[in-house]
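File shown here: input-v4.csv, holding CSV, C-alpha atoms.
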chain,number,residue,atom,x,y,z
A,1,MET,CA,-6.4,-15.5,-37.0
A,2,VAL,CA,-3.6,-13.3,-38.3
A,3,SER,CA,-4.2,-9.5,-38.4
A,4,THR,CA,-2.4,-6.9,-40.4
A,5,LEU,CA,-0.2,-4.4,-38.8
A,6,GLY,CA,0.8,-1.3,-40.8
A,7,VAL,CA,4.5,-0.6,-40.2
A,8,ALA,CA,6.8,2.2,-41.3
A,9,VAL,CA,10.6,2.7,-41.3
A,10,VAL,CA,12.1,6.1,-40.5
A,11,GLY,CA,15.7,6.4,-41.7
A,12,PHE,CA,16.6,4.2,-44.7
A,13,GLY,CA,20.3,3.7,-44.4
A,14,TRP,CA,21.8,0.3,-43.7
A,15,MET,CA,19.9,-0.3,-40.5
A,16,GLY,CA,16.6,0.8,-42.1
A,17,ARG,CA,17.2,-1.9,-44.7
A,18,VAL,CA,18.0,-4.5,-42.0
A,19,HIS,CA,14.7,-3.7,-40.2
A,20,THR,CA,12.8,-3.8,-43.5
A,21,GLN,CA,14.3,-7.2,-44.4
A,22,ALA,CA,13.4,-8.5,-40.9
A,23,TYR,CA,9.8,-7.5,-41.4
A,24,ALA,CA,9.8,-9.4,-44.7
A,25,ARG,CA,11.2,-12.6,-43.2
A,26,VAL,CA,9.7,-12.7,-39.7
A,27,LEU,CA,6.6,-14.8,-40.5
A,28,HIS,CA,8.8,-17.3,-42.4
A,29,HIS,CA,10.6,-18.1,-39.1
A,30,PHE,CA,7.8,-17.3,-36.7
A,31,PRO,CA,4.6,-18.4,-38.4
A,32,GLN,CA,2.8,-18.5,-35.0
A,33,LEU,CA,2.8,-14.7,-34.8
A,34,SER,CA,-0.8,-13.4,-34.8
A,35,VAL,CA,0.2,-10.1,-36.6
A,36,ARG,CA,1.5,-9.8,-40.1
A,37,PRO,CA,3.6,-6.6,-40.8
A,38,GLU,CA,2.6,-4.6,-43.9
A,39,LEU,CA,5.1,-2.2,-45.2
A,40,VAL,CA,3.1,1.0,-45.4
A,41,SER,CA,5.6,3.9,-45.4
A,42,VAL,CA,9.3,4.8,-45.4
A,43,ALA,CA,10.8,8.1,-44.6
A,44,ASP,CA,14.2,9.5,-45.4
A,45,GLU,CA,15.3,13.0,-46.1
A,46,VAL,CA,18.0,12.0,-48.6
A,47,PRO,CA,16.7,12.5,-52.2
A,48,GLY,CA,16.0,9.2,-53.9
A,49,ARG,CA,16.1,6.9,-50.8
A,50,PRO,CA,12.3,6.7,-50.2
A,51,GLU,CA,11.7,6.0,-53.9
A,52,GLU,CA,14.4,3.3,-53.9
A,53,ALA,CA,12.8,1.7,-50.8
A,54,VAL,CA,9.4,1.7,-52.4
A,55,ALA,CA,10.7,0.1,-55.6
A,56,GLN,CA,12.9,-2.5,-53.9
A,57,TYR,CA,10.9,-3.5,-50.9
A,58,GLY,CA,7.3,-2.7,-51.8
A,59,PHE,CA,6.4,0.0,-49.3
A,60,ALA,CA,3.1,1.6,-50.2
A,61,SER,CA,4.5,5.1,-50.0
A,62,GLY,CA,7.8,7.0,-49.5
A,63,VAL,CA,8.2,10.4,-47.9
A,64,ARG,CA,11.0,12.8,-47.1
A,65,ASP,CA,9.6,14.0,-43.7
A,66,TRP,CA,9.1,11.6,-40.8
A,67,ARG,CA,6.2,13.8,-39.5
A,68,GLU,CA,4.1,12.5,-42.3
A,69,VAL,CA,4.6,9.0,-40.9
A,70,ALA,CA,3.5,10.2,-37.5
A,71,ALA,CA,0.3,11.6,-39.0
A,72,ASP,CA,-0.4,8.5,-41.2
A,73,PRO,CA,-3.4,6.6,-39.8
A,74,ARG,CA,-2.3,3.5,-41.8
A,75,VAL,CA,0.8,3.2,-39.7
A,76,ARG,CA,0.5,1.5,-36.3
A,77,ALA,CA,4.1,0.6,-35.7
A,78,VAL,CA,7.4,2.4,-36.6
A,79,SER,CA,11.0,1.3,-36.8
A,80,ILE,CA,13.3,4.3,-35.9
A,81,THR,CA,16.6,3.8,-37.5
A,82,ALA,CA,17.6,7.5,-38.0
A,83,PRO,CA,20.8,9.0,-36.6
A,84,ASN,CA,21.1,9.2,-32.8
A,85,PHE,CA,20.4,12.9,-32.4
A,86,LEU,CA,16.9,12.3,-33.9
A,87,HIS,CA,16.0,9.4,-31.7
A,88,ARG,CA,14.4,11.5,-28.9
A,89,GLU,CA,12.3,13.8,-31.1
A,90,ILE,CA,11.0,11.0,-33.4
A,91,GLY,CA,10.6,8.4,-30.6
A,92,VAL,CA,8.5,10.8,-28.5
A,93,ALA,CA,6.4,12.0,-31.4
A,94,MET,CA,5.6,8.5,-32.6
A,95,ALA,CA,4.6,7.3,-29.2
A,96,GLU,CA,2.4,10.3,-28.6
A,97,ALA,CA,0.8,9.6,-32.0
A,98,GLY,CA,-0.1,6.1,-30.7
A,99,LYS,CA,2.5,4.2,-32.7
A,100,HIS,CA,4.4,1.3,-31.3
A,101,ILE,CA,8.1,1.8,-31.7
A,102,TRP,CA,11.1,-0.4,-32.5
A,103,ILE,CA,14.0,1.9,-32.0
A,104,GLU,CA,17.7,1.5,-32.4
A,105,LYS,CA,20.1,1.9,-29.6
A,106,PRO,CA,21.4,4.1,-27.9
A,107,VAL,CA,17.9,5.9,-28.0
A,108,GLY,CA,19.2,9.4,-28.1
A,109,LEU,CA,22.4,11.1,-26.9
A,110,THR,CA,21.9,10.9,-23.2
A,111,ALA,CA,20.0,9.0,-20.5
A,112,GLN,CA,17.7,12.0,-20.4
A,113,ASP,CA,16.8,11.4,-24.0
A,114,ALA,CA,16.2,7.6,-23.4
A,115,ARG,CA,14.0,8.4,-20.4
A,116,ALA,CA,12.0,10.9,-22.4
A,117,VAL,CA,11.2,8.2,-25.0
A,118,ALA,CA,10.5,5.6,-22.3
A,119,ASP,CA,8.2,8.0,-20.5
A,120,ALA,CA,6.3,8.8,-23.8
A,121,VAL,CA,5.9,5.1,-24.5
A,122,ALA,CA,4.6,4.4,-21.0
A,123,LYS,CA,2.2,7.3,-21.0
A,124,SER,CA,0.8,6.4,-24.5
A,125,GLY,CA,0.4,2.8,-23.6
A,126,VAL,CA,2.3,1.6,-26.7
A,127,GLN,CA,5.0,-1.0,-26.9
A,128,GLY,CA,8.7,-0.2,-27.3
A,129,THR,CA,11.5,-2.5,-28.4
A,130,VAL,CA,15.2,-1.5,-28.5
A,131,GLY,CA,17.9,-2.8,-30.9
A,132,PHE,CA,20.2,-4.6,-28.5
A,133,ASN,CA,20.5,-7.4,-31.0
A,134,TYR,CA,23.5,-9.3,-29.6
A,135,ARG,CA,21.5,-10.6,-26.6
A,136,ASN,CA,19.4,-12.4,-29.2
A,137,ALA,CA,22.2,-14.8,-30.2
A,138,PRO,CA,21.2,-18.3,-29.1
A,139,ALA,CA,24.7,-18.8,-27.6
A,140,VAL,CA,24.2,-15.7,-25.4
A,141,SER,CA,20.8,-17.1,-24.3
A,142,TYR,CA,22.6,-20.4,-23.4
A,143,ALA,CA,25.3,-18.5,-21.5
A,144,ARG,CA,22.7,-16.6,-19.5
A,145,GLU,CA,20.9,-19.8,-18.6
A,146,LEU,CA,24.1,-21.5,-17.6
A,147,ILE,CA,25.1,-18.6,-15.4
A,148,ALA,CA,21.7,-18.2,-13.8
A,149,SER,CA,21.6,-21.9,-13.0
A,150,GLY,CA,24.9,-21.8,-11.2
A,151,GLY,CA,26.6,-23.9,-13.9
A,152,ILE,CA,29.8,-22.0,-13.4
A,153,GLY,CA,29.4,-21.3,-9.7
A,154,THR,CA,29.2,-17.8,-8.4
A,155,VAL,CA,30.3,-15.3,-11.1
A,156,THR,CA,33.5,-13.5,-10.0
A,157,HIS,CA,34.4,-11.4,-13.0
A,158,VAL,CA,33.6,-10.7,-16.7
A,159,ARG,CA,35.4,-9.2,-19.6
A,160,ILE,CA,33.4,-7.7,-22.5
A,161,ARG,CA,35.1,-6.5,-25.6
A,162,LEU,CA,33.8,-4.6,-28.7
A,163,PHE,CA,36.6,-3.9,-31.1
A,164,SER,CA,36.1,-2.7,-34.7
A,165,ASP,CA,37.9,-0.9,-37.5
A,166,TYR,CA,35.0,0.9,-39.0
A,167,ALA,CA,36.5,4.3,-38.1
A,168,ALA,CA,40.2,3.2,-38.3
A,169,HIS,CA,40.9,4.8,-41.7
A,170,PRO,CA,42.1,8.4,-41.4
A,171,GLU,CA,40.1,9.2,-44.5
A,172,GLY,CA,36.8,8.2,-42.8
A,173,ALA,CA,34.3,11.1,-43.4
A,174,LEU,CA,33.5,13.5,-40.5
A,175,THR,CA,29.8,12.4,-40.4
A,176,TRP,CA,27.3,13.1,-37.6
A,177,ARG,CA,28.8,10.1,-35.7
A,178,TYR,CA,31.9,12.1,-34.8
A,179,GLU,CA,30.1,15.2,-33.5
A,180,ARG,CA,29.1,15.6,-29.9
A,181,GLU,CA,25.8,17.4,-30.7
A,182,ARG,CA,24.6,14.8,-33.2
A,183,GLY,CA,26.5,11.6,-32.4
A,184,GLY,CA,26.7,11.9,-28.6
A,185,SER,CA,29.5,10.0,-26.9
A,186,GLY,CA,31.1,8.3,-29.9
A,187,VAL,CA,32.1,4.7,-29.5
A,188,LEU,CA,30.2,4.6,-26.2
A,189,GLY,CA,26.9,5.0,-28.0
A,190,ASP,CA,27.9,2.9,-31.0
A,191,LEU,CA,29.4,-0.1,-29.3
A,192,ALA,CA,29.7,0.2,-25.5
A,193,SER,CA,25.9,0.5,-25.3
A,194,HIS,CA,25.8,-3.1,-26.5
A,195,GLY,CA,28.4,-4.0,-24.0
A,196,VAL,CA,26.4,-2.6,-21.1
A,197,ASP,CA,23.3,-4.4,-22.2
A,198,LEU,CA,25.2,-7.7,-22.5
A,199,ALA,CA,26.7,-7.1,-19.0
A,200,ARG,CA,23.3,-6.6,-17.5
A,201,PHE,CA,21.6,-9.4,-19.5
A,202,LEU,CA,24.2,-11.9,-18.2
A,203,LEU,CA,25.1,-10.6,-14.7
A,204,GLY,CA,22.4,-8.2,-13.6
A,205,ASP,CA,22.7,-4.5,-12.6
A,206,ILE,CA,25.9,-2.5,-12.5
A,207,ALA,CA,26.4,-0.7,-9.2
A,208,SER,CA,29.3,1.6,-10.1
A,209,LEU,CA,32.0,2.1,-12.7
A,210,ALA,CA,35.3,3.9,-13.5
A,211,ALA,CA,36.2,4.8,-17.1
A,212,ASP,CA,38.9,6.2,-19.3
A,213,THR,CA,38.4,7.4,-22.8
A,214,ALA,CA,40.5,8.7,-25.7
A,215,VAL,CA,40.3,10.1,-29.2
A,216,PHE,CA,43.1,8.7,-31.5
A,217,ILE,CA,42.2,10.3,-34.8
A,218,PRO,CA,41.6,13.9,-33.9
A,219,GLU,CA,40.6,15.3,-37.3
A,220,ARG,CA,38.6,14.0,-40.3
A,221,ALA,CA,37.5,15.5,-43.7
A,222,ARG,CA,33.9,16.7,-44.0
A,223,PRO,CA,31.8,14.8,-46.5
A,224,THR,CA,30.6,16.7,-49.6
A,225,GLY,CA,27.3,14.9,-50.0
A,226,ALA,CA,24.9,12.4,-48.3
A,227,THR,CA,26.5,9.5,-46.5
A,228,ALA,CA,25.5,6.1,-45.4
A,229,GLY,CA,27.4,3.7,-43.2
A,230,HIS,CA,31.1,4.6,-42.9
A,231,THR,CA,32.0,6.6,-46.0
A,232,ARG,CA,35.5,7.9,-46.8
A,233,ALA,CA,36.2,11.5,-47.7
A,234,ALA,CA,39.6,12.7,-48.9
A,235,GLY,CA,40.7,16.2,-49.6
A,236,GLY,CA,37.8,17.9,-47.9
A,237,GLU,CA,37.9,20.5,-45.2
A,238,LEU,CA,39.2,19.0,-42.0
A,239,GLY,CA,37.2,19.2,-38.8
A,240,PRO,CA,37.7,18.0,-35.2
A,241,VAL,CA,36.5,14.6,-33.9
A,242,GLU,CA,34.5,15.6,-30.9
A,243,ASN,CA,33.7,12.3,-29.3
A,244,GLU,CA,35.4,9.1,-28.2
A,245,ASP,CA,37.3,6.6,-30.3
A,246,TYR,CA,38.0,4.4,-27.3
A,247,VAL,CA,36.7,3.5,-23.8
A,248,ASN,CA,38.0,1.2,-21.1
A,249,CYS,CA,35.7,0.8,-18.1
A,250,LEU,CA,35.9,-1.1,-14.8
A,251,LEU,CA,32.6,-2.4,-13.5
A,252,ARG,CA,31.2,-3.4,-10.1
A,253,PHE,CA,28.0,-5.3,-10.2
A,254,ALA,CA,25.3,-5.4,-7.6
A,255,SER,CA,26.0,-9.1,-7.1
A,256,GLY,CA,29.6,-8.3,-6.1
A,257,ALA,CA,31.1,-9.5,-9.4
A,258,ARG,CA,33.7,-7.3,-11.1
A,259,GLY,CA,34.1,-6.6,-14.8
A,260,VAL,CA,36.0,-4.9,-17.6
A,261,LEU,CA,34.3,-3.4,-20.6
A,262,GLU,CA,36.5,-2.2,-23.5
A,263,ALA,CA,35.3,-0.8,-26.8
A,264,CYS,CA,37.2,0.8,-29.7
A,265,ARG,CA,36.1,1.9,-33.2
A,266,VAL,CA,39.6,2.5,-34.6
A,267,SER,CA,41.1,-1.0,-33.9
A,268,VAL,CA,43.2,-1.8,-37.0
A,269,GLY,CA,43.0,-5.5,-37.7
A,270,GLU,CA,39.8,-6.0,-35.8
A,271,GLN,CA,36.5,-6.5,-37.6
A,272,ASN,CA,33.5,-6.9,-35.3
A,273,ASN,CA,35.5,-8.6,-32.6
A,274,TYR,CA,32.7,-8.6,-30.0
A,275,GLY,CA,32.4,-11.1,-27.2
A,276,PHE,CA,32.7,-11.9,-23.5
A,277,GLU,CA,34.4,-14.1,-21.0
A,278,VAL,CA,32.6,-14.8,-17.8
A,279,HIS,CA,34.4,-16.5,-15.0
A,280,GLY,CA,32.9,-18.2,-11.9
A,281,THR,CA,34.0,-20.1,-8.9
A,282,LYS,CA,33.5,-23.4,-10.7
A,283,GLY,CA,33.9,-22.6,-14.4
A,284,ALA,CA,33.8,-20.2,-17.2
A,285,VAL,CA,31.9,-19.4,-20.4
A,286,PHE,CA,33.3,-17.7,-23.5
A,287,TRP,CA,31.6,-16.2,-26.6
A,288,ASP,CA,32.9,-14.6,-29.8
A,289,PHE,CA,30.3,-13.0,-32.1
A,290,ARG,CA,32.4,-13.9,-35.2
A,291,ARG,CA,31.7,-17.5,-34.3
A,292,MET,CA,28.2,-16.8,-33.2
A,293,GLY,CA,27.0,-20.4,-33.1
A,294,GLU,CA,29.7,-21.6,-30.8
A,295,ILE,CA,30.2,-21.2,-27.0
A,296,ALA,CA,33.2,-22.4,-25.0
A,297,VAL,CA,32.3,-23.8,-21.6
A,298,SER,CA,34.5,-25.0,-18.7
A,299,ARG,CA,32.7,-26.5,-15.7
A,300,GLY,CA,33.2,-29.3,-13.2
A,301,THR,CA,35.1,-29.9,-10.0
A,302,ALA,CA,38.7,-29.8,-11.1
A,303,TYR,CA,39.2,-26.1,-10.7
A,304,GLN,CA,42.9,-26.1,-11.7
A,305,ASP,CA,43.7,-27.4,-15.2
A,306,GLN,CA,40.0,-27.8,-15.9
A,307,PRO,CA,39.4,-28.3,-19.6
A,308,VAL,CA,37.3,-26.1,-21.9
A,309,SER,CA,34.8,-27.6,-24.3
A,310,THR,CA,33.3,-26.1,-27.5
A,311,VAL,CA,29.5,-26.4,-27.6
A,312,PHE,CA,27.7,-25.8,-30.9
A,313,VAL,CA,24.3,-24.3,-30.2
A,314,GLY,CA,21.2,-26.0,-31.5
A,315,PRO,CA,17.4,-26.0,-31.3
A,316,GLY,CA,17.4,-26.1,-27.5
A,317,GLN,CA,19.0,-22.7,-27.2
A,318,GLY,CA,17.2,-19.4,-27.6
A,319,GLU,CA,15.3,-19.0,-30.9
A,320,TYR,CA,17.8,-21.2,-32.8
A,321,ALA,CA,15.0,-23.7,-33.8
A,322,ALA,CA,13.2,-21.0,-35.8
A,323,PHE,CA,16.2,-20.9,-38.2
A,324,GLN,CA,17.9,-24.2,-38.3
A,325,PRO,CA,16.9,-27.9,-37.6
A,326,GLY,CA,20.2,-29.1,-36.1
A,327,ALA,CA,23.2,-27.9,-34.1
A,328,ALA,CA,26.2,-26.2,-35.8
A,329,ASN,CA,24.2,-24.8,-38.8
A,330,PRO,CA,25.3,-21.2,-38.8
A,331,MET,CA,23.1,-18.1,-38.2
A,332,GLY,CA,24.0,-14.6,-39.2
A,333,TYR,CA,23.7,-11.0,-38.0
A,334,ASP,CA,20.4,-10.3,-39.9
A,335,ASP,CA,18.9,-13.4,-38.1
A,336,LEU,CA,19.3,-11.6,-34.8
A,337,LYS,CA,17.3,-8.7,-36.1
A,338,VAL,CA,14.5,-11.1,-37.3
A,339,ILE,CA,14.4,-12.4,-33.7
A,340,GLU,CA,14.1,-8.7,-32.6
A,341,ALA,CA,11.3,-8.1,-35.1
A,342,HIS,CA,9.5,-11.2,-33.6
A,343,ASN,CA,9.9,-9.8,-30.1
A,344,PHE,CA,8.5,-6.4,-31.2
A,345,LEU,CA,5.5,-7.8,-33.1
A,346,ARG,CA,4.8,-10.3,-30.3
A,347,SER,CA,4.9,-7.3,-27.8
A,348,VAL,CA,2.3,-5.5,-29.9
A,349,ALA,CA,0.1,-8.6,-30.4
A,350,GLU,CA,0.1,-9.5,-26.7
A,351,ASN,CA,0.4,-5.9,-25.3
A,352,SER,CA,3.2,-7.1,-23.1
A,353,PRO,CA,7.0,-6.5,-23.6
A,354,HIS,CA,9.3,-9.1,-25.0
A,355,GLY,CA,13.0,-8.7,-25.6
A,356,ALA,CA,15.0,-5.5,-24.9
A,357,THR,CA,12.8,-2.6,-23.8
A,358,LEU,CA,13.1,1.1,-23.2
A,359,ALA,CA,13.9,0.4,-19.6
A,360,ASP,CA,17.0,-1.5,-20.8
A,361,ALA,CA,17.9,1.5,-23.0
A,362,VAL,CA,17.6,3.8,-20.0
A,363,HIS,CA,19.9,1.5,-17.9
A,364,SER,CA,22.5,1.4,-20.8
A,365,ALA,CA,22.4,5.2,-21.3
A,366,THR,CA,22.7,5.9,-17.6
A,367,ALA,CA,25.9,3.8,-17.6
A,368,LEU,CA,27.2,5.6,-20.7
A,369,ASP,CA,26.6,9.0,-19.0
A,370,ALA,CA,28.4,7.7,-16.0
A,371,MET,CA,31.4,6.6,-18.1
A,372,VAL,CA,31.6,10.2,-19.5
A,373,ARG,CA,31.5,11.7,-16.1
A,374,SER,CA,34.0,9.2,-14.7
A,375,ALA,CA,36.5,9.9,-17.5
A,376,GLU,CA,36.2,13.7,-16.9
A,377,GLN,CA,36.5,13.4,-13.1
A,378,GLY,CA,39.0,10.6,-12.9
A,379,SER,CA,36.9,8.8,-10.3
A,380,TRP,CA,34.4,6.0,-9.7
A,381,VAL,CA,30.7,6.9,-10.4
A,382,SER,CA,27.8,5.2,-8.7
A,383,LEU,CA,24.8,4.1,-10.7
A,384,ALA,CA,22.5,3.7,-7.7
Exercise: express the given structure as C-alpha cells:
Amino acid sequence: MVSTLGVAVVGFGWMGRVHTQAYARVLHHFPQLSVRPELVSVADEVPGRPEEAVAQYGFASGVRDWREVAADPRVRAVSITAPNFLHREIGVAMAEAGKHIWIEKPVGLTAQDARAVADAVAKSGVQGTVGFNYRNAPAVSYARELIASGGIGTVTHVRIRLFSDYAAHPEGALTWRYERERGGSGVLGDLASHGVDLARFLLGDIASLAADTAVFIPERARPTGATAGHTRAAGGELGPVENEDYVNCLLRFASGARGVLEACRVSVGEQNNYGFEVHGTKGAVFWDFRRMGEIAVSRGTAYQDQPVSTVFVGPGQGEYAAFQPGAANPMGYDDLKVIEAHNFLRSVAENSPHGATLADAVHSATALDAMVRSAEQGSWVSLA
C-alpha cells in the first residue's frame, strides 16, 4: 500500500526546481516506493517565484516565508535548497517541527552549522538526506565496489578534480556566493564539498590534510535585483570577493593512501570537469562526470604497460536499472537527483537512513574548515 507524503520545497531557484522535478519523477523510476510525494507548499522570498512554482508544478500553495512551511501540518518532509547561510536556521527549525529534511550541501557555512542540523535531526527522530549527488552515479558505485573488493589492489593514491567556469567571467554578479558571511568558503563549499564526499565514499576517512587557496577575481559588480544561478552584472558598484576561487589540497587517508583534491570555479575552458583517478597496487580506475556512464579500468598482473579498458555501466551497477534497460544508454544530472529523492523517501518510509546523511555532511564540513585553517596557517591539519 502506498501512502501520501506531503512535501515542500524551500528556495525555488535552479536547485529547488531540480528537487521538485525529482519528486515528480521518482515513482516512475522507483515504483516499489511505499510513499508518494505530494507537492504541498513552496517557499521563496523573491516576488513571483512561489506563484510560478504553483502554476508550473502544481504545488497546493506558495508562500514567501519559509516559517509558514515549518508551521504547516500538511508538510511532513522538506527540501531545503535555499542559499548556504540559511541552511542551519531552516534545517534546525524544520527538524524541530518534526519535518524530514532533504538538504543541499554544504549544510551551512561551517562544520558547526552542519553539526547543529545533524543534532536537531537526531534529537527530533526525523530523517535527513544530503545532496551529495555525484556519489549516486552508477559508475561511481561500480568504482567503489571494485576498490572495496580489492580489484585494483591496495589503493595508493587518488586525484579528485572539480573544475568549472561558472564564475570565470569578470562580470559575474557579486551575489551571496562571494561573501564570507553568506556564502562561506567559496569554491570549498560549492565544489570541494563534493570532492571530500567522493573521497570518503571511495576510500574511507581522511586523517589529515594540507591546503592552499586563492582568489583570482578580487572584485565583482553588485547585482541590482534578484538573482538565480550565476547572473552577470556590468556597470554596478564594485565590491570585494571575500571567499576562495581555488583550492588545492593534499590528503592523507586513515588507510594510508594519499590524495590530491583540486577545485576551481574560475577555470576558463572547463565546464563541469569533475572526476577522479584512483590508483592501486594492481590497477586503477578513472571517472569523468561529463562521460557519466563510462568508467576506465586497468587491472590484472602486468603492472607495467598494463592496458586500460572502457566499461559502459549497465543494469548491474548502482541504480542504473531504474532508468535504462541496457548498458551505454546515457543518464543525466537530474537522474542523480531522482536517485537522491528515492533515497530520501525510502529513508522516511523505512525510518532508516539511505544515501548521504547529515553525518556525511559533518565529515565534509569538518574537512572544509580544516582546509581553511591549513591555508591560513601554512601547515598540515589533523581531522582526528
Residue neighbourhood Ser267 of chain A, 9 Å, all atoms listed in the file, exclusion window fewer than 6 positions, as a list in words: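 Once the adjacent positions are removed, what remains is Phe163, Ser164, Asp165, Tyr166, Ala167 and Ala168 of chain A.
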Could the residues in this selection be written to a file with C-alpha atoms, as a PDB file, keeping the file's coordinate frame?
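Below is the file that was written, out-v4.pdb:
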ATOM      1  CA  PHE A 163      36.600  -3.900 -31.100  1.00  0.00           C
ATOM      2  CA  SER A 164      36.100  -2.700 -34.700  1.00  0.00           C
ATOM      3  CA  ASP A 165      37.900  -0.900 -37.500  1.00  0.00           C
ATOM      4  CA  TYR A 166      35.000   0.900 -39.000  1.00  0.00           C
ATOM      5  CA  ALA A 167      36.500   4.300 -38.100  1.00  0.00           C
ATOM      6  CA  ALA A 168      40.200   3.200 -38.300  1.00  0.00           C
TER       7      ALA A 168
END
Compare A:Asp305, A:Glu181, A:Glu350, A:Asp190 by their minimum atom-to-atom distance to Asp245 of chain A, counting only C-alpha atoms, and give me the closest one. A:Asp190
List every residue of segment 320-370 of chain A that has an atom at most 9 Å from any atom of segment 121-126 of chain A, and for each one report the closest atom pair and its distance in Å to one decimal, counting all atoms listed in the file, with rows sorted by chain and then by increasing residue number, as a tab-separated table.
residue	atom	partner	partner_atom	distance
A:Val348	CA	A:Val126	CA	7.8
A:Asn351	CA	A:Val126	CA	7.9
A:Leu358	CA	A:Val121	CA	8.3
Separation of atom CA of Ile101 of chain A from atom CA of Phe289 of chain A, in Å and rounded to one decimal: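 Here the two named atoms are 26.7 Å from each other.
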Give me the residues within 8 Å of Pro138 of chain A as a PyMOL selection string, counting only C-alpha atoms and dropping any in the same chain fewer than 2 places off. chain A and resi 136+140-142+293+313+317-320
Which polymer residues have any atom within 8 Å of an atom of segment 368-377 of chain A, counting all atoms listed in the file, with same-chain residues fewer than 6 positions away left out, as a list in words?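 What passes the distance filter is Thr110, Ala111, Ser185, Leu188, Gly189, Ala192, Ser193, Leu209, Ala210, Ala211, Asp212, Thr213, Cys249 and Leu383 of chain A.
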Selection above as a file: C-alpha atoms, as a PDB file, in the frame of the given file:
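Listed below is the output, again.pdb:
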ATOM      1  CA  THR A 110      21.900  10.900 -23.200  1.00  0.00           C
ATOM      2  CA  ALA A 111      20.000   9.000 -20.500  1.00  0.00           C
ATOM      3  CA  SER A 185      29.500  10.000 -26.900  1.00  0.00           C
ATOM      4  CA  LEU A 188      30.200   4.600 -26.200  1.00  0.00           C
ATOM      5  CA  GLY A 189      26.900   5.000 -28.000  1.00  0.00           C
ATOM      6  CA  ALA A 192      29.700   0.200 -25.500  1.00  0.00           C
ATOM      7  CA  SER A 193      25.900   0.500 -25.300  1.00  0.00           C
ATOM      8  CA  LEU A 209      32.000   2.100 -12.700  1.00  0.00           C
ATOM      9  CA  ALA A 210      35.300   3.900 -13.500  1.00  0.00           C
ATOM     10  CA  ALA A 211      36.200   4.800 -17.100  1.00  0.00           C
ATOM     11  CA  ASP A 212      38.900   6.200 -19.300  1.00  0.00           C
ATOM     12  CA  THR A 213      38.400   7.400 -22.800  1.00  0.00           C
ATOM     13  CA  CYS A 249      35.700   0.800 -18.100  1.00  0.00           C
ATOM     14  CA  LEU A 383      24.800   4.100 -10.700  1.00  0.00           C
TER      15      LEU A 383
END
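Among the candidates A:Gly128, A:Gly58, A:Pro47, A:Gly186, the one nearest to Thr20 of chain A when counting all atoms listed in the file is A:Gly58.
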Of the residues A:Pro170, A:Ala139, A:Ile217, A:Arg36, which is the one nearest to Met331 of chain A, using all atoms listed in the file?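 Result for the nearest residue to Met331 of chain A: A:Ala139.
Going from atom CA of Ala367 of chain A over to atom CA of Val10 of chain A, you cover 26.8 Å.
For the pair atom CA of Gln304 of chain A and atom CA of Gly280 of chain A, the interatomic distance is 12.7 Å.
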